[in-house]
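Have a look at coords-v5.cif below; it lists mmCIF, C-alpha atoms.
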```cif
data_input
loop_
_atom_site.label_atom_id
_atom_site.label_comp_id
_atom_site.auth_asym_id
_atom_site.auth_seq_id
_atom_site.Cartn_x
_atom_site.Cartn_y
_atom_site.Cartn_z
CA MET A 1 6.34 -23.07 -31.32
CA TYR A 2 7.45 -21.79 -27.90
CA SER A 3 5.40 -19.52 -25.67
CA THR A 4 7.02 -16.19 -24.81
CA SER A 5 7.86 -17.29 -21.25
CA ALA A 6 9.18 -20.70 -22.39
CA PHE A 7 11.39 -18.98 -24.96
CA ALA A 8 12.63 -16.49 -22.34
CA ASN A 9 13.48 -19.33 -19.95
CA MET A 10 15.33 -21.20 -22.71
CA ILE A 11 17.44 -18.09 -23.46
CA ARG A 12 18.12 -17.55 -19.74
CA LYS A 13 19.36 -21.12 -19.32
CA SER A 14 21.73 -20.74 -22.25
CA TYR A 15 23.38 -17.77 -20.47
CA ALA A 16 23.48 -19.33 -17.01
CA LYS A 17 26.92 -20.37 -15.82
CA SER A 18 25.57 -22.42 -12.95
CA GLU A 19 22.18 -23.48 -11.55
CA GLY A 20 20.18 -20.43 -10.44
CA ASP A 21 22.62 -18.00 -12.08
CA SER A 22 21.06 -16.08 -14.94
CA PRO A 23 21.33 -12.53 -16.22
CA LEU A 24 18.60 -9.93 -15.97
CA PHE A 25 17.09 -9.32 -19.38
CA CYS A 26 15.14 -6.27 -20.49
CA TRP A 27 11.93 -8.32 -20.70
CA ASP A 28 12.31 -9.12 -16.99
CA ILE A 29 12.16 -5.40 -16.29
CA VAL A 30 9.23 -4.92 -18.67
CA GLN A 31 7.30 -7.75 -16.98
CA LEU A 32 7.90 -6.20 -13.56
CA TYR A 33 6.78 -2.79 -14.86
CA ARG A 34 3.65 -4.32 -16.43
CA ALA A 35 2.71 -6.09 -13.20
CA THR A 36 3.20 -2.91 -11.15
CA SER A 37 1.33 -0.83 -13.70
CA THR A 38 -1.57 -3.30 -13.77
CA ASN A 39 -1.79 -3.27 -9.95
CA THR A 40 -1.77 0.53 -9.94
CA GLN A 41 -4.51 0.72 -12.58
CA HIS A 42 -6.64 -1.78 -10.66
CA ASP A 43 -6.09 0.09 -7.37
CA VAL A 44 -7.02 3.45 -8.95
CA SER A 45 -10.14 1.91 -10.47
CA THR A 46 -11.15 0.47 -7.08
CA LEU A 47 -10.55 3.81 -5.34
CA LYS A 48 -12.66 5.61 -7.93
CA THR A 49 -15.45 3.10 -7.31
CA LEU A 50 -15.16 3.72 -3.55
CA MET A 51 -15.27 7.46 -4.16
CA ALA A 52 -18.44 7.11 -6.19
CA THR A 53 -20.27 4.68 -3.92
CA GLN A 54 -19.35 6.50 -0.71
CA GLN A 55 -19.73 9.91 -2.40
CA TRP A 56 -16.37 11.11 -1.14
CA SER A 57 -15.73 14.81 -1.17
CA LEU A 58 -12.02 14.37 -1.72
CA ASP A 59 -9.50 15.66 -4.24
CA LEU A 60 -6.47 13.35 -4.31
CA ASN A 61 -4.44 12.12 -7.26
CA PHE A 62 -4.49 8.40 -6.41
CA ASP A 63 -2.69 7.47 -9.61
CA GLU A 64 0.27 9.69 -8.76
CA LEU A 65 0.41 8.47 -5.16
CA LEU A 66 0.38 4.81 -6.17
CA GLN A 67 2.91 5.28 -8.97
CA ASN A 68 5.22 6.87 -6.39
CA GLU A 69 4.92 3.71 -4.29
CA TYR A 70 2.72 5.06 -1.54
CA THR A 71 0.40 2.61 0.16
CA ILE A 72 -3.23 3.56 0.69
CA VAL A 73 -5.39 2.15 3.47
CA VAL A 74 -9.13 2.85 3.72
CA THR A 75 -10.99 2.21 6.98
CA ASP A 76 -14.58 2.67 8.02
CA THR A 77 -15.51 5.15 10.75
CA ARG A 78 -14.69 2.55 13.43
CA GLN A 79 -11.19 2.30 11.87
CA THR A 80 -11.67 -1.23 10.58
CA ILE A 81 -9.70 -1.75 7.38
CA GLN A 82 -12.01 -1.93 4.36
CA TRP A 83 -9.42 -1.83 1.57
CA VAL A 84 -5.64 -1.65 1.04
CA SER A 85 -3.65 -0.95 -2.11
CA SER A 86 -1.53 -3.65 -3.72
CA SER A 87 1.64 -2.09 -2.31
CA PHE A 88 0.44 -2.90 1.22
CA GLN A 89 1.68 -6.48 0.88
CA GLN A 90 5.10 -5.32 -0.33
CA MET A 91 5.47 -3.03 2.68
CA THR A 92 3.97 -5.24 5.41
CA GLY A 93 4.09 -8.82 4.14
CA TYR A 94 0.34 -9.16 4.73
CA ALA A 95 -1.96 -9.95 1.80
CA LYS A 96 -5.04 -7.80 1.27
CA HIS A 97 -7.37 -10.48 2.63
CA GLU A 98 -5.30 -10.68 5.84
CA ALA A 99 -5.63 -6.93 6.45
CA ILE A 100 -9.29 -6.38 5.57
CA GLY A 101 -11.44 -6.56 8.71
CA GLN A 102 -8.49 -5.79 11.01
CA LYS A 103 -7.72 -2.55 12.83
CA PRO A 104 -4.44 -0.84 11.77
CA SER A 105 -3.16 -1.66 15.26
CA PHE A 106 -2.48 -5.23 14.10
CA LEU A 107 0.73 -3.80 12.58
CA GLN A 108 1.91 -2.31 15.87
CA GLY A 109 4.01 -3.82 18.61
CA ALA A 110 6.38 -3.30 21.51
CA ASN A 111 8.35 -0.42 20.00
CA THR A 112 5.37 1.47 18.60
CA ASN A 113 5.11 4.78 20.45
CA PRO A 114 1.66 5.00 22.11
CA GLN A 115 1.88 8.82 22.26
CA GLN A 116 2.15 9.02 18.48
CA LEU A 117 -0.89 6.77 18.14
CA ALA A 118 -2.85 8.86 20.66
CA PHE A 119 -1.92 12.03 18.73
CA LEU A 120 -3.09 10.41 15.49
CA ARG A 121 -6.41 9.33 17.04
CA GLU A 122 -7.00 12.76 18.63
CA GLN A 123 -6.40 14.57 15.35
CA LEU A 124 -8.66 12.25 13.37
CA THR A 125 -11.41 12.41 16.01
CA ALA A 126 -11.24 16.21 15.80
CA GLY A 127 -11.68 15.95 12.02
CA ASN A 128 -8.13 17.01 11.19
CA LYS A 129 -5.71 15.73 8.59
CA THR A 130 -2.44 14.73 10.28
CA GLN A 131 0.99 13.23 9.70
CA THR A 132 3.27 11.15 11.88
CA GLU A 133 5.82 8.36 11.79
CA VAL A 134 5.25 5.11 13.68
CA VAL A 135 7.16 1.89 14.14
CA ASN A 136 5.14 -0.90 12.56
CA TYR A 137 5.85 -4.60 12.22
CA ARG A 138 5.83 -6.75 9.11
CA LYS A 139 4.25 -10.18 9.06
CA ASN A 140 7.70 -11.72 9.67
CA GLY A 141 8.12 -9.59 12.84
CA GLU A 142 10.62 -7.15 11.33
CA GLU A 143 10.20 -3.51 12.41
CA TYR A 144 9.97 -0.67 9.93
CA LEU A 145 9.38 3.06 10.30
CA CYS A 146 6.21 4.11 8.52
CA TRP A 147 5.31 7.67 7.53
CA ILE A 148 1.53 8.10 7.68
CA GLU A 149 -0.68 10.91 6.50
CA ALA A 150 -4.19 10.21 7.76
CA LEU A 151 -7.34 12.11 7.01
CA PRO A 152 -11.03 11.88 7.67
CA VAL A 153 -13.06 11.41 4.49
CA MET A 154 -16.38 13.20 4.25
CA ASN A 155 -19.15 12.56 1.78
CA ARG A 156 -20.81 15.33 -0.24
CA LYS A 157 -23.24 15.95 2.64
CA GLY A 158 -20.32 16.63 5.02
CA GLU A 159 -20.74 13.35 6.92
CA LEU A 160 -17.76 11.29 8.00
CA VAL A 161 -17.78 8.06 5.96
CA ASN A 162 -14.19 6.76 6.03
CA TYR A 163 -10.64 7.39 7.11
CA LEU A 164 -7.84 7.24 4.59
CA ALA A 165 -4.16 6.71 5.31
CA ILE A 166 -1.38 7.38 2.83
CA GLU A 167 1.68 5.48 3.98
CA LYS A 168 5.28 4.93 2.98
CA GLU A 169 8.12 3.04 4.57
CA VAL A 170 10.76 5.50 5.72
CA LYS A 171 13.39 2.95 6.72
CA GLN A 172 13.92 -0.32 8.50
CA VAL A 173 14.40 0.04 12.23
CA GLY A 174 17.33 -1.45 14.07
#
```
Serialized structure, structure tokens:
Amino acid sequence: MYSTSAFANMIRKSYAKSEGDSPLFCWDIVQLYRATSTNTQHDVSTLKTLMATQQWSLDLNFDELLQNEYTIVVTDTRQTIQWVSSSFQQMTGYAKHEAIGQKPSFLQGANTNPQQLAFLREQLTAGNKTQTEVVNYRKNGEEYLCWIEALPVMNRKGELVNYLAIEKEVKQVG
């Protein structure tokens, strides 16, 4: 008896005209959807745990954001990354463990506009939610334009406990 993946590979090979050439089957799409869906469910669960432990006073639909391929980054009050969603690696090339403990500035480089960063910092320091676009850099050095909505996260007592960034790649630069 074949396993599901062994059977799928056997079928693929029978359709291949040459090495590495195989059609896309519906189960390929289903597997991709399942993986994405599982990541989203895990990310939402983790965010709900963060909300509970940090007692966030925040009303965001994380499930909707993640299903629409937004990336979420959570930092502490010193802006050190505490958590990133699974889509962070797709956008930046950095795995979660490479981002955690870093400042978001590790994604910035020569063409990142310092005035946009200063504006972002000023708004967050003043306790304001803000939006901007910045040039960031992937792990492989490639530039991309990133839309960021950043907001201070307060607990139920009104104390600042985290910052949260909702991000999406706008386009590749260059």
Could you produce a table of the residues of stretch 42-97 of chain A lying within 6 Å of stretch 152-158 of chain A, with the nearest pair of atoms per residue and their separation in Å rounded to one decimal, using all atoms listed in the file, ordered by chain and increasing residue number, as JSON lines?
```
{"residue": "A:Gln55", "atom": "CA", "partner": "A:Asn155", "partner_atom": "CA", "distance": 5.0}
{"residue": "A:Trp56", "atom": "CA", "partner": "A:Asn155", "partner_atom": "CA", "distance": 4.3}
{"residue": "A:Ser57", "atom": "CA", "partner": "A:Asn155", "partner_atom": "CA", "distance": 5.0}
```
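On the file presented, the PyMOL selection byres ((chain A and resi 137-146) around 8) picks out Met91, Thr92, Gly93, Tyr94, Leu107, Gln108, Gly109, Glu133, Val134, Val135, Asn136, Trp147, Ile148, Glu167, Lys168, Glu169, Val170, Lys171, Gln172, Val173 and Gly174 of chain A.
When all atoms listed in the file are used to measure the gap to A:Asp76, the shortest distance among A:Ala126, A:Ala110, A:Leu50, A:Leu117 belongs to A:Leu50.
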message = What's around A:His97 at 12 Å? Count all atoms listed in the file, leave out sequence neighbours fewer than 4 positions away in its own chain, and write the answer as number ranges by chain.
response = A: 81-86, 88-89, 93, 101-102
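Note that atom CA of A:Thr75 and atom CA of A:Phe106 are 13.4 Å apart.
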Find the smallest box with edges along x, y and z containing every listed atom of stretch 52-66 of chain A, then add 6 Å on each side and report centre and edge lengths in Å to one decimal, as lines of an AutoDock Vina configuration file.
```
center_x = -9.9
center_y = 10.2
center_z = -5.2
size_x = 32.7
size_y = 23.0
size_z = 20.9
```
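Note that atom CA of A:Asp59 and atom CA of A:Val44 are 13.3 Å apart.
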query = What is the distance between atom CA of A:Phe62 and atom CA of A:Gln115, in Å to one decimal?
reply = 29.4 Å
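Minimum atom-to-atom distance to A:Val74, evaluated using all atoms listed in the file, belongs to A:Asn162 out of A:Asn162, A:Asn111, A:Gln90, A:Asn128.
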request  = Measuring atom to atom with only C-alpha atoms, identify which of A:Ile166, A:Thr132, A:Ile100, A:Gln79 is nearest to A:Leu66.
outcome  = A:Ile166
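Between A:Tyr163 and the residues A:Lys103, A:His42, A:Lys96, A:Lys48, the shortest atom-to-atom distance, using only C-alpha atoms, involves A:Lys103.
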inquiry  = For a quick check of understanding, using all atoms listed in the file, which of A:Phe119, A:Thr40, A:Leu160, A:Gly127 has the smallest distance to A:Gln54?
reply    = A:Leu160
